[in-house]
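coords-v9.txt follows (compact mmCIF, C-alpha atoms):
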```txt
# COMPACT_ATOMS: atom_id res chain seq x y z
CA MET A 1 -44.41 18.20 9.19
CA SER A 2 -47.83 16.69 8.48
CA ARG A 3 -48.86 13.24 9.68
CA GLU A 4 -48.74 11.84 6.13
CA GLU A 5 -45.26 13.30 5.63
CA ILE A 6 -44.03 11.64 8.83
CA TYR A 7 -45.42 8.28 7.70
CA GLY A 8 -43.85 8.72 4.26
CA ARG A 9 -40.52 9.64 5.82
CA ILE A 10 -40.53 6.57 8.09
CA VAL A 11 -41.37 4.21 5.20
CA ASP A 12 -38.63 5.84 3.10
CA LEU A 13 -36.11 5.49 5.95
CA ALA A 14 -37.01 1.82 6.37
CA SER A 15 -36.56 1.07 2.67
CA ARG A 16 -33.22 2.94 2.59
CA VAL A 17 -32.02 0.96 5.61
CA ALA A 18 -33.20 -2.29 3.96
CA ARG A 19 -31.32 -1.39 0.76
CA GLY A 20 -28.18 -0.70 2.78
CA GLU A 21 -28.10 2.97 1.83
CA LEU A 22 -28.47 4.10 5.42
CA ASP A 23 -26.91 2.80 8.60
CA PRO A 24 -29.79 1.59 10.83
CA LEU A 25 -28.01 2.97 13.88
CA GLU A 26 -28.30 6.47 12.45
CA VAL A 27 -32.10 6.35 12.74
CA GLU A 28 -33.56 7.81 15.96
CA ILE A 29 -36.30 5.26 16.53
CA SER A 30 -37.53 6.81 19.80
CA THR A 31 -38.26 10.22 18.22
CA LEU A 32 -40.20 8.63 15.37
CA LEU A 33 -42.12 6.41 17.77
CA GLU A 34 -43.11 9.44 19.84
CA ARG A 35 -44.55 11.11 16.74
CA ILE A 36 -46.55 7.99 15.89
CA GLU A 37 -47.77 7.61 19.46
CA GLU A 38 -49.30 11.11 19.32
CA VAL A 39 -51.75 9.90 16.66
CA ASP A 40 -55.28 9.06 17.76
CA ILE A 41 -55.70 5.76 15.92
CA GLU A 42 -59.43 5.47 16.49
CA ARG A 43 -60.11 8.64 14.52
CA LEU A 44 -57.84 7.82 11.59
CA PRO A 45 -59.44 7.50 8.15
CA MET A 46 -58.84 4.06 6.61
CA GLU A 47 -56.29 5.34 4.04
CA VAL A 48 -54.16 7.02 6.72
CA PHE A 49 -54.58 3.98 8.97
CA ARG A 50 -52.87 1.89 6.28
CA GLN A 51 -49.96 4.37 6.20
CA ASP A 52 -49.79 4.13 10.00
CA VAL A 53 -49.46 0.32 9.82
CA GLU A 54 -46.81 0.57 7.09
CA ALA A 55 -44.85 3.08 9.17
CA ILE A 56 -44.93 0.86 12.27
CA HIS A 57 -43.83 -2.09 10.15
CA GLY A 58 -40.98 0.08 8.80
CA LEU A 59 -39.92 1.02 12.32
CA ALA A 60 -39.96 -2.65 13.33
CA LEU A 61 -37.68 -3.46 10.37
CA ILE A 62 -35.24 -0.71 11.33
CA LEU A 63 -35.26 -1.90 14.94
CA ALA A 64 -34.50 -5.48 13.82
CA MET A 65 -31.57 -4.26 11.73
CA GLN A 66 -30.30 -2.14 14.61
CA LYS A 67 -30.36 -5.27 16.75
CA ASP A 68 -28.34 -7.18 14.11
CA ARG A 69 -25.80 -4.37 13.84
CA ILE A 70 -25.33 -4.16 17.60
CA LYS A 71 -25.06 -7.94 17.85
CA ALA A 72 -22.44 -7.99 15.09
CA SER A 73 -20.51 -5.17 16.80
CA LEU A 74 -20.51 -7.02 20.10
CA GLU A 75 -19.23 -10.14 18.38
CA GLY A 76 -16.41 -8.11 16.89
CA LEU A 77 -17.69 -8.64 13.35
CA SER A 78 -18.40 -5.01 12.60
CA LEU A 79 -16.37 -3.97 9.60
CA ASP A 80 -15.96 -0.58 8.10
CA ALA A 81 -16.90 -0.64 4.39
CA LEU A 82 -14.27 1.91 3.39
CA LEU A 83 -11.56 0.14 5.31
CA VAL A 84 -12.49 -3.18 3.72
CA LYS A 85 -12.30 -1.56 0.27
CA THR A 86 -8.84 -0.25 1.13
CA ILE A 87 -7.75 -3.71 2.27
CA ILE A 88 -9.13 -5.29 -0.91
CA LEU A 89 -7.28 -2.73 -3.03
CA SER A 90 -4.04 -3.65 -1.28
CA LEU A 91 -4.47 -7.36 -2.02
CA GLY A 92 -3.49 -9.12 -5.21
CA VAL A 93 -5.63 -11.67 -7.02
CA GLU A 94 -3.69 -14.56 -5.48
CA GLU A 95 -4.06 -13.12 -1.99
CA LEU A 96 -7.80 -12.64 -2.42
CA ALA A 97 -8.12 -16.21 -3.65
CA GLY A 98 -6.08 -17.26 -0.60
CA LEU A 99 -8.60 -15.47 1.59
CA LEU A 100 -11.36 -17.63 0.14
CA ARG A 101 -9.24 -20.75 0.65
CA ALA A 102 -8.86 -19.81 4.29
CA ILE A 103 -12.59 -19.55 4.92
CA HIS A 104 -14.02 -22.21 2.61
CA ARG A 105 -15.37 -25.29 4.34
CA PRO A 106 -17.01 -27.36 1.61
CA VAL A 107 -20.14 -29.22 2.58
CA ALA A 108 -19.66 -32.97 2.55
CA ASP A 109 -22.45 -34.70 0.74
CA VAL A 110 -23.19 -37.71 -1.36
CA SER A 111 -24.70 -36.67 -4.64
CA VAL A 112 -27.68 -38.63 -5.83
CA MET A 113 -29.82 -38.30 -8.91
CA THR A 114 -33.43 -37.59 -8.11
CA GLU A 115 -36.51 -37.09 -10.24
CA GLU A 116 -36.43 -33.44 -9.22
CA TYR A 117 -32.89 -33.02 -10.59
CA LEU A 118 -33.81 -34.76 -13.85
CA ALA A 119 -36.87 -32.52 -14.23
CA GLU A 120 -34.69 -29.45 -13.62
CA ALA A 121 -32.15 -30.65 -16.20
CA LEU A 122 -34.87 -31.23 -18.78
CA ALA A 123 -36.41 -27.80 -18.10
CA TYR A 124 -32.98 -26.21 -18.51
CA PHE A 125 -32.29 -28.08 -21.75
CA ARG A 126 -35.62 -27.00 -23.17
CA SER A 127 -35.01 -23.38 -22.18
CA VAL A 128 -31.68 -23.15 -24.01
CA VAL A 129 -32.06 -21.05 -27.12
CA ARG A 130 -30.36 -22.67 -30.08
CA PRO A 131 -29.82 -21.33 -33.58
CA GLY A 132 -33.00 -23.07 -34.72
CA GLY A 133 -35.08 -21.75 -31.81
CA LEU A 134 -35.89 -23.47 -28.52
CA ALA A 135 -34.69 -27.03 -28.13
CA SER A 136 -37.48 -29.46 -28.86
CA GLY A 137 -35.78 -32.61 -27.67
CA GLU A 138 -35.42 -33.73 -31.28
CA PRO A 139 -31.92 -33.65 -32.79
CA VAL A 140 -31.50 -30.65 -35.09
CA GLU A 141 -28.88 -29.80 -37.66
CA VAL A 142 -27.21 -26.52 -36.90
CA GLU A 143 -26.17 -24.39 -39.86
CA PRO A 144 -22.63 -23.17 -39.27
CA GLU A 145 -22.03 -19.45 -39.53
CA ILE A 146 -20.29 -18.82 -42.83
CA PHE A 147 -17.48 -16.30 -42.84
CA PRO A 148 -15.88 -15.24 -46.14
CA GLU A 149 -12.50 -16.97 -46.55
CA GLU A 150 -10.60 -13.75 -47.32
CA ASP A 151 -12.02 -12.03 -44.19
CA ILE A 152 -10.90 -14.92 -42.02
CA ARG A 153 -7.39 -14.85 -43.52
CA ARG A 154 -7.13 -11.09 -42.99
CA ASP A 155 -8.43 -11.27 -39.40
CA MET A 156 -6.16 -14.24 -38.58
CA GLU A 157 -3.11 -12.32 -39.74
CA GLU A 158 -4.22 -9.20 -37.88
CA MET A 159 -4.73 -11.13 -34.63
CA TRP A 160 -1.40 -12.96 -34.98
CA ARG A 161 0.55 -9.72 -35.65
CA ASP A 162 -1.28 -7.89 -32.87
CA LEU A 163 -0.51 -10.59 -30.27
CA LEU A 164 3.11 -10.91 -31.36
CA GLU A 165 3.55 -7.17 -31.03
CA LYS A 166 1.95 -7.05 -27.59
CA TYR A 167 3.23 -10.23 -25.97
CA GLY A 168 6.08 -11.52 -28.11
CA GLU A 169 6.15 -15.28 -27.75
CA ASP A 170 4.91 -15.23 -24.15
CA TRP A 171 2.00 -17.35 -22.96
CA ILE A 172 -1.32 -15.52 -22.70
CA ALA A 173 -4.52 -16.73 -21.04
CA TYR A 174 -6.87 -17.99 -23.74
CA GLY A 175 -9.85 -16.14 -22.26
CA GLU A 176 -8.04 -12.80 -22.45
CA VAL A 177 -7.46 -13.22 -26.16
CA VAL A 178 -10.88 -14.61 -27.03
CA ARG A 179 -12.87 -12.37 -24.65
CA GLY A 180 -15.98 -14.55 -24.97
CA ASP A 181 -16.20 -13.84 -28.70
CA VAL A 182 -16.87 -16.99 -30.73
CA TYR A 183 -15.39 -15.48 -33.90
CA ARG A 184 -12.10 -14.74 -32.09
CA ALA A 185 -12.15 -18.32 -30.74
CA TYR A 186 -12.60 -19.48 -34.32
CA LEU A 187 -9.57 -17.44 -35.44
CA VAL A 188 -7.43 -18.80 -32.59
CA SER A 189 -8.47 -22.32 -33.49
CA HIS A 190 -7.29 -21.83 -37.10
CA LEU A 191 -4.04 -20.16 -36.02
CA VAL A 192 -3.25 -23.09 -33.69
CA THR A 193 -4.23 -25.69 -36.28
CA GLU A 194 -2.04 -24.04 -38.91
CA GLY A 195 0.95 -23.78 -36.58
CA TYR A 196 1.02 -20.01 -36.03
CA MET A 197 0.18 -20.41 -32.38
CA ASP A 198 0.96 -22.84 -29.62
CA MET A 199 -1.64 -23.93 -27.10
CA ARG A 200 -1.49 -25.68 -23.75
CA MET A 201 -3.91 -26.57 -20.99
CA ASP A 202 -3.22 -26.13 -17.31
CA ARG A 203 -5.30 -29.05 -16.02
CA VAL A 204 -4.97 -28.05 -12.37
CA ALA A 205 -6.14 -24.47 -12.81
CA GLY A 206 -8.48 -25.43 -15.64
CA GLU A 207 -7.06 -22.60 -17.78
CA ALA A 208 -6.01 -22.67 -21.43
CA TYR A 209 -3.03 -20.65 -22.63
CA ILE A 210 -1.84 -19.71 -26.09
CA ARG A 211 1.21 -18.00 -27.50
CA PRO A 212 1.91 -16.60 -30.95
CA LEU A 213 4.91 -18.08 -32.78
CA ARG A 214 7.16 -15.90 -34.94
CA ARG A 215 7.84 -18.84 -37.24
CA ARG A 216 5.15 -21.18 -38.36
CA ARG A 217 5.62 -24.63 -36.90
CA GLU A 218 4.82 -27.92 -38.59
CA LEU A 219 2.43 -29.86 -36.39
CA ARG A 220 3.35 -33.41 -35.55
CA ASN A 221 0.79 -35.73 -33.96
CA PRO A 222 -1.82 -32.98 -33.57
CA ALA A 223 -4.51 -33.54 -30.96
CA SER A 224 -7.95 -31.98 -30.63
CA LEU A 225 -8.40 -29.67 -27.69
CA PRO A 226 -12.00 -28.75 -26.90
CA VAL A 227 -12.34 -25.32 -25.28
CA VAL A 228 -15.67 -24.00 -24.08
CA VAL A 229 -16.42 -20.38 -24.95
CA ARG A 230 -19.22 -18.89 -22.90
CA ARG A 231 -21.07 -15.93 -24.27
CA GLY A 232 -22.53 -13.45 -21.79
CA GLY A 233 -21.41 -15.39 -18.69
CA MET B 1 -32.25 -50.77 18.08
CA GLU B 2 -34.19 -47.52 17.85
CA GLY B 3 -31.09 -45.42 18.68
CA ASP B 4 -29.02 -46.94 15.90
CA ARG B 5 -31.83 -46.57 13.40
CA LYS B 6 -32.06 -42.89 14.25
CA LEU B 7 -28.29 -42.53 13.93
CA LEU B 8 -28.44 -43.99 10.41
CA ARG B 9 -31.34 -41.69 9.58
CA ALA B 10 -29.37 -38.67 10.79
CA ALA B 11 -26.34 -39.69 8.70
CA TYR B 12 -28.55 -40.13 5.65
CA LEU B 13 -30.30 -36.79 6.14
CA LEU B 14 -27.05 -34.91 6.59
CA LEU B 15 -24.93 -36.57 3.97
CA VAL B 16 -27.18 -37.56 1.11
CA ARG B 17 -28.20 -34.54 -0.87
CA ARG B 18 -31.83 -34.69 -1.90
CA ARG B 19 -32.60 -31.07 -2.61
CA ARG B 20 -31.00 -28.03 -4.13
CA TYR B 21 -29.58 -27.01 -0.75
CA PRO B 22 -27.09 -29.28 1.02
CA GLY B 23 -27.60 -30.61 4.53
CA VAL B 24 -30.80 -30.60 6.47
CA ARG B 25 -33.05 -28.11 8.22
CA GLU B 26 -34.16 -28.30 11.82
CA TRP B 27 -37.79 -29.16 11.03
CA GLU B 28 -36.66 -32.19 9.00
CA LEU B 29 -34.55 -33.43 11.90
CA GLU B 30 -37.49 -33.01 14.25
CA LYS B 31 -39.74 -34.83 11.81
CA TYR B 32 -37.46 -37.83 11.23
CA LEU B 33 -35.51 -38.01 14.49
CA GLY B 34 -37.88 -36.52 17.04
CA ARG B 35 -37.54 -33.63 19.46
CA ASN B 36 -34.36 -35.03 20.99
CA TYR B 37 -32.57 -34.80 17.62
CA ARG B 38 -29.63 -32.98 19.20
CA GLU B 39 -28.69 -36.08 21.19
CA ILE B 40 -28.60 -38.06 17.94
CA LEU B 41 -26.54 -35.34 16.26
CA ASP B 42 -24.07 -35.41 19.15
CA ARG B 43 -23.61 -39.15 18.66
CA LEU B 44 -23.23 -38.74 14.91
CA GLY B 45 -20.79 -35.89 15.50
CA GLU B 46 -18.59 -38.23 17.54
CA GLU B 47 -18.59 -40.79 14.74
CA LEU B 48 -17.83 -38.15 12.10
CA SER B 49 -15.01 -36.60 14.09
CA ARG B 50 -13.07 -39.84 13.67
CA LEU B 51 -13.19 -39.16 9.92
CA GLY B 52 -12.10 -35.54 10.27
CA LEU B 53 -15.61 -34.20 9.73
CA GLU B 54 -17.92 -32.20 11.93
CA ILE B 55 -21.53 -31.04 11.99
CA ARG B 56 -21.96 -27.32 11.53
CA GLU B 57 -25.07 -25.42 12.57
CA VAL B 58 -25.93 -22.24 10.70
CA VAL B 59 -28.83 -19.98 11.68
CA LEU B 60 -30.33 -18.06 8.78
CA LYS B 61 -33.20 -15.65 8.42
CA GLU B 62 -35.82 -16.85 5.95
CA GLY B 63 -39.02 -14.91 5.51
CA GLY B 64 -38.57 -13.01 8.76
CA ARG B 65 -37.93 -16.08 10.93
CA GLU B 66 -34.80 -17.92 11.94
CA VAL B 67 -34.16 -21.30 10.32
CA ARG B 68 -31.45 -23.66 11.51
CA HIS B 69 -29.44 -25.53 8.90
CA PHE B 70 -27.14 -28.42 9.69
CA VAL B 71 -24.37 -29.50 7.33
CA VAL B 72 -21.31 -31.71 7.53
CA VAL B 73 -18.03 -29.91 6.87
CA PRO B 74 -14.37 -30.89 7.19
CA ALA B 75 -12.94 -30.19 10.62
CA ARG B 76 -10.06 -27.74 10.69
CA THR B 77 -7.44 -30.43 10.43
CA ALA B 78 -4.13 -30.54 8.63
CA VAL B 79 -5.83 -32.60 5.92
CA HIS B 80 -8.38 -29.89 5.25
CA MET B 81 -5.73 -27.19 5.16
CA GLU B 82 -3.67 -29.32 2.79
CA LEU B 83 -6.39 -30.53 0.42
CA GLY B 84 -9.25 -28.13 0.97
CA VAL B 85 -8.83 -26.11 -2.20
CA PRO B 86 -12.11 -24.55 -3.36
CA PRO B 87 -13.27 -25.88 -6.71
CA PHE B 88 -12.86 -22.48 -8.38
CA ARG B 89 -10.21 -20.90 -10.51
CA VAL B 90 -7.94 -18.38 -8.85
CA ASN B 91 -9.61 -15.44 -10.62
CA GLU B 92 -13.09 -16.63 -9.67
CA ALA B 93 -12.09 -17.25 -6.07
CA ALA B 94 -10.67 -13.72 -5.89
CA VAL B 95 -13.93 -12.22 -7.19
CA LEU B 96 -16.00 -14.22 -4.71
CA ALA B 97 -13.75 -13.27 -1.78
CA LEU B 98 -13.99 -9.63 -2.82
CA ALA B 99 -17.79 -9.72 -3.17
CA ILE B 100 -18.31 -11.52 0.15
CA SER B 101 -16.00 -9.09 1.96
CA MET B 102 -17.83 -6.07 0.54
CA ILE B 103 -21.26 -7.48 1.42
CA LEU B 104 -20.08 -8.40 4.91
CA ALA B 105 -18.84 -4.86 5.48
CA SER B 106 -21.97 -3.19 4.11
CA SER B 107 -24.54 -1.90 6.57
CA GLY B 108 -27.57 -3.69 5.14
CA GLY B 109 -25.87 -6.93 4.05
CA ARG B 110 -26.11 -5.91 0.41
CA VAL B 111 -23.93 -4.00 -2.01
CA LYS B 112 -24.45 -2.63 -5.51
CA ARG B 113 -23.22 -5.07 -8.13
CA SER B 114 -21.66 -2.15 -10.02
CA GLU B 115 -19.56 -1.30 -6.92
CA VAL B 116 -18.23 -4.85 -6.76
CA VAL B 117 -17.44 -4.79 -10.48
CA GLU B 118 -15.71 -1.39 -10.19
CA LEU B 119 -13.43 -2.62 -7.41
CA ALA B 120 -12.77 -6.00 -9.00
CA LYS B 121 -11.94 -4.29 -12.30
CA THR B 122 -8.83 -2.88 -10.65
CA LYS B 123 -7.53 -6.46 -10.55
CA LEU B 124 -9.17 -8.39 -13.39
CA PRO B 125 -10.69 -7.69 -16.80
CA GLU B 126 -14.36 -6.70 -16.50
CA TYR B 127 -15.67 -9.62 -18.57
CA ARG B 128 -14.01 -12.06 -16.17
CA VAL B 129 -15.52 -10.31 -13.16
CA GLU B 130 -19.01 -10.31 -14.71
CA ARG B 131 -18.69 -13.94 -15.70
CA ALA B 132 -17.52 -14.97 -12.21
CA LEU B 133 -20.35 -13.04 -10.54
CA ASN B 134 -22.92 -14.64 -12.85
CA LYS B 135 -21.48 -18.04 -12.02
CA PHE B 136 -21.63 -17.50 -8.26
CA VAL B 137 -25.19 -16.19 -8.45
CA ARG B 138 -26.10 -19.29 -10.46
CA LEU B 139 -24.39 -21.59 -7.93
CA GLY B 140 -26.12 -19.95 -4.98
CA TYR B 141 -23.05 -18.37 -3.36
CA LEU B 142 -24.44 -14.91 -4.12
CA LYS B 143 -27.96 -13.63 -4.52
CA GLU B 144 -29.05 -10.83 -6.78
CA GLU B 145 -31.95 -8.54 -5.93
CA ASP B 146 -32.57 -5.57 -8.20
CA ASP B 147 -29.04 -4.27 -8.80
CA ASP B 148 -27.72 -5.46 -5.43
CA LEU B 149 -25.66 -8.48 -4.45
CA LEU B 150 -26.36 -10.36 -1.22
CA LEU B 151 -24.84 -13.45 0.34
CA GLY B 152 -26.41 -16.66 -0.95
CA LEU B 153 -27.31 -19.73 1.06
CA ARG B 154 -24.17 -21.62 0.02
CA THR B 155 -21.93 -18.84 1.31
CA TYR B 156 -23.59 -19.02 4.71
CA LEU B 157 -23.27 -22.81 4.73
CA GLU B 158 -19.78 -23.20 3.27
CA MET B 159 -17.86 -20.07 4.23
CA ASP B 160 -16.51 -19.34 7.67
CA LEU B 161 -17.68 -15.72 7.77
CA ASP B 162 -16.52 -15.17 11.34
CA ARG B 163 -13.03 -16.11 10.25
CA LEU B 164 -13.20 -13.79 7.24
CA ALA B 165 -14.34 -10.93 9.48
CA ALA B 166 -11.49 -11.72 11.88
CA ILE B 167 -8.93 -11.76 9.05
CA LEU B 168 -10.19 -8.47 7.63
CA ALA B 169 -10.35 -6.89 11.07
CA GLY B 170 -6.80 -8.10 11.71
CA ARG B 171 -5.59 -6.57 8.47
CA ALA B 172 -7.44 -3.34 9.22
CA GLU B 173 -5.83 -3.17 12.66
CA ALA B 174 -2.42 -3.93 11.18
CA SER B 175 -2.78 -1.24 8.54
CA ARG B 176 -3.94 1.21 11.21
CA LEU B 177 -0.80 0.47 13.19
CA GLY B 178 1.25 0.65 10.01
CA GLY B 179 2.45 -2.92 10.38
CA ASP B 180 2.54 -5.81 7.99
CA ALA B 181 -0.93 -7.33 7.88
CA SER B 182 0.25 -10.58 6.42
CA ALA B 183 2.38 -11.18 9.47
CA ARG B 184 -0.72 -11.27 11.68
CA GLU B 185 -3.04 -13.48 9.74
CA GLY B 186 -2.13 -15.54 6.74
CA SER B 187 -4.35 -15.18 3.73
CA GLY B 188 -3.85 -18.71 2.60
```
Mind converting the file's structure to structure tokens?
Amino acid sequence: MSREEIYGRIVDLASRVARGELDPLEVEISTLLERIEEVDIERLPMEVFRQDVEAIHGLALILAMQKDRIKASLEGLSLDALLVKTIILSLGVEELAGLLRAIHRPVADVSVMTEEYLAEALAYFRSVVRPGGLASGEPVEVEPEIFPEEDIRRDMEEMWRDLLEKYGEDWIAYGEVVRGDVYRAYLVSHLVTEGYMDMRMDRVAGEAYIRPLRRRRELRNPASLPVVVRRGG
Amino acid sequence: MEGDRKLLRAAYLLLVRRRRYPGVREWELEKYLGRNYREILDRLGEELSRLGLEIREVVLKEGGREVRHFVVVPARTAVHMELGVPPFRVNEAAVLALAISMILASSGGRVKRSEVVELAKTKLPEYRVERALNKFVRLGYLKEEDDDLLLGLRTYLEMDLDRLAAILAGRAEASRLGGDASAREGSG
């Protein structure tokens, strides 16, 4: 193997270790160091000298990660990735959430408003893309999307029949029905308003639930229920 | 009294959030409290313990050097166990627990986002998983580099990773022995 190939291999090993693709403890540092030590640095051309420095830096990175791994092993924190996956697969959603509850120690702090926070908020507001382009700070009128009436009626009926068929009159999580689609949220809103669906909020969990009704129900004392639909996370 | 003034300064630095990250870093304590800042923290710790709080020190690597962070967290008291529910929905909490566990078990402290999504998809719809991951990256619990997920600053500060490792190791040991893992270490 040529000198350049050895340097290239060391740099590649270091980047694979850094990316987590290779266990640092699998790298034989001493053998690689011996190969580098054989090089007569004073006679190296500048281009190869740069590769030599990069390779030594790579070896130092691997060594540091080996140290971390050994330290973690000694502290009993070494976990096998495959085993952890198996454990995760065996746990339900509630159990996983319970795991987080067991380890979460929220930081106590007193929130204050600072100029930095206000500047961040303003920058965020200005970066939000709205139907009329970037927010300018001036109030704008947003043109609502217009859907043909007959399409809405057809899609409402299709959604109502589909949900009744799948879930009967059972409660379903709002997010599962809407799936982040504003048009579906629009349909649900009409179905609830017209009495073809029932809706409730679980204030503790912060979840909304809906259920299709076989018979249309007359609404008494209707109340508005704002639900946020996030598109793309 | 100089000592009392420093105690108040320490309380302010630790409790009043002035930056994106909570708590205070070692260099700030040295700057505002002096080199003997640990004595002041010990005194403050005694005061806080009466309120069921404690000062937690977390050492993190930033730019190749170790940086010490100090934050105030609830002590492991009955009150914390009773009221200390994370401010996330059950589904989100499950995704975060899953991601943290996978990153913790990875060799380089990072795991492909697609791997986390694949595993989480066995439990939740994909759009929920993606949304939760985006949220936790935004909140600083996770960090995204290229296509990989890493632990974010808030996870190091707020999550008891030693305890998580112990719970997972306990479950692994229990499953190896064929016993009931939940009997060894509760998940809640």
Review point. Counting all atoms listed in the file, what is within 7 Å of range 19-30 of chain B, bar same-chain residues fewer than 5 positions away, as an MDAnalysis selection string?
Key: chainID B and resid 13:14 35 37 68:71
Using all atoms listed in the file, I'd like a table of the residues in chain B that come within 7 Å of chain A; for each, show the closest atom pair and its distance in Å rounded to one decimal, ordered by chain and ascending number, as a Markdown table.
```
| residue | atom | partner | partner_atom | distance |
| --- | --- | --- | --- | --- |
| B:Leu15 | CA | A:Asp109 | CA | 4.5 |
| B:Val16 | CA | A:Val110 | CA | 4.7 |
| B:Arg17 | CA | A:Ser111 | CA | 5.6 |
| B:Arg18 | CA | A:Val112 | CA | 6.9 |
| B:Val71 | CA | A:Val107 | CA | 6.4 |
| B:Val72 | CA | A:Ala108 | CA | 5.4 |
| B:Val73 | CA | A:Val107 | CA | 4.8 |
| B:Pro74 | CA | A:Arg105 | CA | 6.4 |
| B:Val85 | CA | A:Arg101 | CA | 6.1 |
| B:Pro86 | CA | A:Arg101 | CA | 6.2 |
| B:Arg89 | CA | A:Ala205 | CA | 5.9 |
| B:Val90 | CA | A:Ala97 | CA | 5.6 |
| B:Asn91 | CA | A:Val93 | CA | 6.6 |
| B:Ala93 | CA | A:Ala97 | CA | 4.8 |
| B:Ala94 | CA | A:Ala97 | CA | 4.2 |
| B:Ala97 | CA | A:Leu100 | CA | 5.3 |
| B:Leu98 | CA | A:Ile88 | CA | 6.8 |
| B:Met102 | CA | A:Ala81 | CA | 6.7 |
| B:Ala105 | CA | A:Ala81 | CA | 4.8 |
| B:Ser106 | CA | A:Ala81 | CA | 5.7 |
| B:Ser107 | CA | A:Gly20 | CA | 5.4 |
| B:Gly108 | CA | A:Gly20 | CA | 3.9 |
| B:Gly109 | CA | A:Gly20 | CA | 6.8 |
| B:Arg110 | CA | A:Gly20 | CA | 6.1 |
| B:Lys123 | CA | A:Val93 | CA | 6.6 |
| B:Glu130 | CA | A:Gly233 | CA | 6.9 |
| B:Arg131 | CA | A:Gly233 | CA | 4.3 |
| B:Asn134 | CA | A:Gly233 | CA | 6.1 |
| B:Glu158 | CA | A:Arg105 | CA | 5.0 |
| B:Met159 | CA | A:His104 | CA | 4.7 |
| B:Asp160 | CA | A:Ile103 | CA | 4.8 |
| B:Leu161 | CA | A:Ile103 | CA | 7.0 |
| B:Asp162 | CA | A:Leu77 | CA | 6.9 |
| B:Arg163 | CA | A:Ile103 | CA | 6.4 |
| B:Leu164 | CA | A:Ile103 | CA | 6.2 |
| B:Ala165 | CA | A:Leu77 | CA | 5.6 |
| B:Leu168 | CA | A:Val84 | CA | 7.0 |
| B:Ala169 | CA | A:Leu79 | CA | 6.9 |
| B:Ala172 | CA | A:Leu83 | CA | 6.7 |
| B:Ser187 | CA | A:Leu99 | CA | 4.8 |
| B:Gly188 | CA | A:Gly98 | CA | 4.2 |
```
Output the selection as a compact mmCIF listing (two decimals), keeping the file's coordinate frame - C-alpha atoms for each residue.
```txt
# COMPACT_ATOMS: atom_id res chain seq x y z
CA LEU B 15 -24.93 -36.57 3.97
CA VAL B 16 -27.18 -37.56 1.11
CA ARG B 17 -28.20 -34.54 -0.87
CA ARG B 18 -31.83 -34.69 -1.90
CA VAL B 71 -24.37 -29.50 7.33
CA VAL B 72 -21.31 -31.71 7.53
CA VAL B 73 -18.03 -29.91 6.87
CA PRO B 74 -14.37 -30.89 7.19
CA VAL B 85 -8.83 -26.11 -2.20
CA PRO B 86 -12.11 -24.55 -3.36
CA ARG B 89 -10.21 -20.90 -10.51
CA VAL B 90 -7.94 -18.38 -8.85
CA ASN B 91 -9.61 -15.44 -10.62
CA ALA B 93 -12.09 -17.25 -6.07
CA ALA B 94 -10.67 -13.72 -5.89
CA ALA B 97 -13.75 -13.27 -1.78
CA LEU B 98 -13.99 -9.63 -2.82
CA MET B 102 -17.83 -6.07 0.54
CA ALA B 105 -18.84 -4.86 5.48
CA SER B 106 -21.97 -3.19 4.11
CA SER B 107 -24.54 -1.90 6.57
CA GLY B 108 -27.57 -3.69 5.14
CA GLY B 109 -25.87 -6.93 4.05
CA ARG B 110 -26.11 -5.91 0.41
CA LYS B 123 -7.53 -6.46 -10.55
CA GLU B 130 -19.01 -10.31 -14.71
CA ARG B 131 -18.69 -13.94 -15.70
CA ASN B 134 -22.92 -14.64 -12.85
CA GLU B 158 -19.78 -23.20 3.27
CA MET B 159 -17.86 -20.07 4.23
CA ASP B 160 -16.51 -19.34 7.67
CA LEU B 161 -17.68 -15.72 7.77
CA ASP B 162 -16.52 -15.17 11.34
CA ARG B 163 -13.03 -16.11 10.25
CA LEU B 164 -13.20 -13.79 7.24
CA ALA B 165 -14.34 -10.93 9.48
CA LEU B 168 -10.19 -8.47 7.63
CA ALA B 169 -10.35 -6.89 11.07
CA ALA B 172 -7.44 -3.34 9.22
CA SER B 187 -4.35 -15.18 3.73
CA GLY B 188 -3.85 -18.71 2.60
```
Can you tell me, as a PDB file with C-alpha atoms, in the coordinates of the input, what residues are no more than 10 Å from Leu142 in chain B when counting all atoms listed in the file, ignoring any on the same chain fewer than 5 positions away?
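The resulting file, result26.pdb, is reproduced below:
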```pdb
ATOM      1  CA  LEU B  96     -16.000 -14.220  -4.710  1.00  0.00           C
ATOM      2  CA  ALA B  99     -17.790  -9.720  -3.170  1.00  0.00           C
ATOM      3  CA  ILE B 100     -18.310 -11.520   0.150  1.00  0.00           C
ATOM      4  CA  ILE B 103     -21.260  -7.480   1.420  1.00  0.00           C
ATOM      5  CA  LEU B 133     -20.350 -13.040 -10.540  1.00  0.00           C
ATOM      6  CA  ASN B 134     -22.920 -14.640 -12.850  1.00  0.00           C
ATOM      7  CA  LYS B 135     -21.480 -18.040 -12.020  1.00  0.00           C
ATOM      8  CA  PHE B 136     -21.630 -17.500  -8.260  1.00  0.00           C
ATOM      9  CA  VAL B 137     -25.190 -16.190  -8.450  1.00  0.00           C
ATOM     10  CA  LEU B 149     -25.660  -8.480  -4.450  1.00  0.00           C
ATOM     11  CA  LEU B 150     -26.360 -10.360  -1.220  1.00  0.00           C
ATOM     12  CA  LEU B 151     -24.840 -13.450   0.340  1.00  0.00           C
ATOM     13  CA  GLY B 152     -26.410 -16.660  -0.950  1.00  0.00           C
ATOM     14  CA  LEU B 153     -27.310 -19.730   1.060  1.00  0.00           C
ATOM     15  CA  ARG B 154     -24.170 -21.620   0.020  1.00  0.00           C
ATOM     16  CA  THR B 155     -21.930 -18.840   1.310  1.00  0.00           C
ATOM     17  CA  TYR B 156     -23.590 -19.020   4.710  1.00  0.00           C
TER      18      TYR B 156
END
```
